[in-house]
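Report on the following structure.
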Amino acid sequence: MTSAFELSDAQQKTLAEKLSAKLALDVTLTVNVDSALIGGVIIKAGDLVIDDSVRGKLSKLADAMNS
């Protein structure tokens with residue numbers, strides 16, 4: 001996963017537990033920090049991509065406004 005900011009151990013543990021429950025798999029996080037996301041996270045698990053970053057939301061908003 002890529003996060004806009006460093007995550008505490010407790011935050012990483014909570015996120016891994018929630019992802020494990022959602023995906024019905026054991027999850028081990030590899031965390032990278034990218035301040036260009038502005039806020040939020042991007043999670044990649046196999047073919048699944050969850051973009052909950054501010055940059056991603058702004059990009060979707062811009063696309064919608066241009067349509």
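Identifiers in the structure tokens: chain A, B, ... in order shown; residue index from 1 per chain; ligand index from 1 in order shown.
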Quick one: everything within 10 Å of Gln12 in chain A, counting only C-alpha atoms, minus sequence neighbours fewer than 3 positions away in the same chain. Send it as a list in words. Glu6, Leu7, Ser8, Asp9, Leu15, Ala16, Glu17, Lys18, Thr28, Leu29, Thr30 and Val31 of chain A
Env of Arg55 in chain A: 8 Å cut, atoms = only C-alpha atoms, seq-sep filter 5 positions within chain, self excluded. Answer as number ranges by chain. A: 36-39
Please dump the current selection as a tab-separated table (two decimals), in the first residue's frame; keep C-alpha atoms.
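Final output, again23.tsv:
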chain	number	residue	atom	x	y	z
A	36	ALA	CA	2.03	13.45	-3.64
A	37	LEU	CA	-1.16	11.59	-2.66
A	38	ILE	CA	-1.98	14.64	-0.49
A	39	GLY	CA	-3.96	12.39	1.89
As an MDAnalysis selection string, please: every residue in chain A that DSSP puts in helix (DSSP H, G or I). chainID A and resid 9:23 35:37 54:66
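Taking the backbone of this structure through DSSP, the residues of chain A that come out as strand (DSSP E or B) are Thr2, Ser3, Asn32, Val33, Gly40, Val41, Ile42, Ile43, Lys44, Ala45, Leu48, Val49, Ile50, Asp51, Asp52 and Ser53 of chain A.
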Residue subset to file, keeping N, CA and C atoms, as a short mmCIF file (atom, residue, chain, number, x, y, z; two decimals), in the first residue's frame:
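Wrote out12.cif, looks like this:
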data_model
loop_
_atom_site.label_atom_id
_atom_site.label_comp_id
_atom_site.auth_asym_id
_atom_site.auth_seq_id
_atom_site.Cartn_x
_atom_site.Cartn_y
_atom_site.Cartn_z
N THR A 2 0.32 2.29 -0.48
CA THR A 2 1.01 3.57 -0.48
C THR A 2 0.15 4.55 0.31
N SER A 3 0.78 5.23 1.23
CA SER A 3 0.09 6.18 2.10
C SER A 3 0.71 7.56 1.93
N ASN A 32 4.54 2.04 1.67
CA ASN A 32 5.38 3.08 1.09
C ASN A 32 4.71 4.42 1.36
N VAL A 33 5.49 5.47 1.45
CA VAL A 33 4.95 6.81 1.68
C VAL A 33 5.18 7.64 0.43
N GLY A 40 -4.79 10.17 2.41
CA GLY A 40 -5.38 8.87 2.11
C GLY A 40 -4.37 7.81 1.73
N VAL A 41 -4.88 6.73 1.11
CA VAL A 41 -4.04 5.59 0.76
C VAL A 41 -4.46 5.00 -0.58
N ILE A 42 -3.54 4.26 -1.18
CA ILE A 42 -3.82 3.40 -2.33
C ILE A 42 -3.39 2.00 -1.92
N ILE A 43 -4.32 1.06 -2.02
CA ILE A 43 -4.05 -0.32 -1.63
C ILE A 43 -4.10 -1.19 -2.87
N LYS A 44 -3.05 -1.99 -3.05
CA LYS A 44 -3.00 -2.93 -4.17
C LYS A 44 -2.84 -4.33 -3.60
N ALA A 45 -3.77 -5.21 -3.99
CA ALA A 45 -3.72 -6.60 -3.56
C ALA A 45 -4.04 -7.46 -4.78
N LEU A 48 -6.69 -6.31 -7.43
CA LEU A 48 -7.56 -5.33 -6.76
C LEU A 48 -6.77 -4.07 -6.42
N VAL A 49 -7.32 -2.92 -6.80
CA VAL A 49 -6.73 -1.62 -6.45
C VAL A 49 -7.81 -0.78 -5.79
N ILE A 50 -7.54 -0.32 -4.59
CA ILE A 50 -8.45 0.57 -3.87
C ILE A 50 -7.73 1.91 -3.74
N ASP A 51 -8.23 2.91 -4.47
CA ASP A 51 -7.63 4.24 -4.44
C ASP A 51 -8.50 5.14 -3.59
N ASP A 52 -8.10 5.36 -2.36
CA ASP A 52 -8.82 6.24 -1.45
C ASP A 52 -7.94 7.44 -1.11
N SER A 53 -7.21 7.90 -2.13
CA SER A 53 -6.32 9.05 -1.92
C SER A 53 -7.02 10.33 -2.35
#
Between CA of Ala4 in chain A and CA of Val54 in chain A - distance in Å to one decimal: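 It comes out at 9.1 Å.
Coordinates place CA of Asp47 in chain A at a distance of 20.9 Å from CA of Ser59 in chain A.
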Between CA of Ser20 in chain A and CA of Phe5 in chain A, what is the distance, to one decimal in Å?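 That distance, rounded to one decimal, is 21.8 Å.
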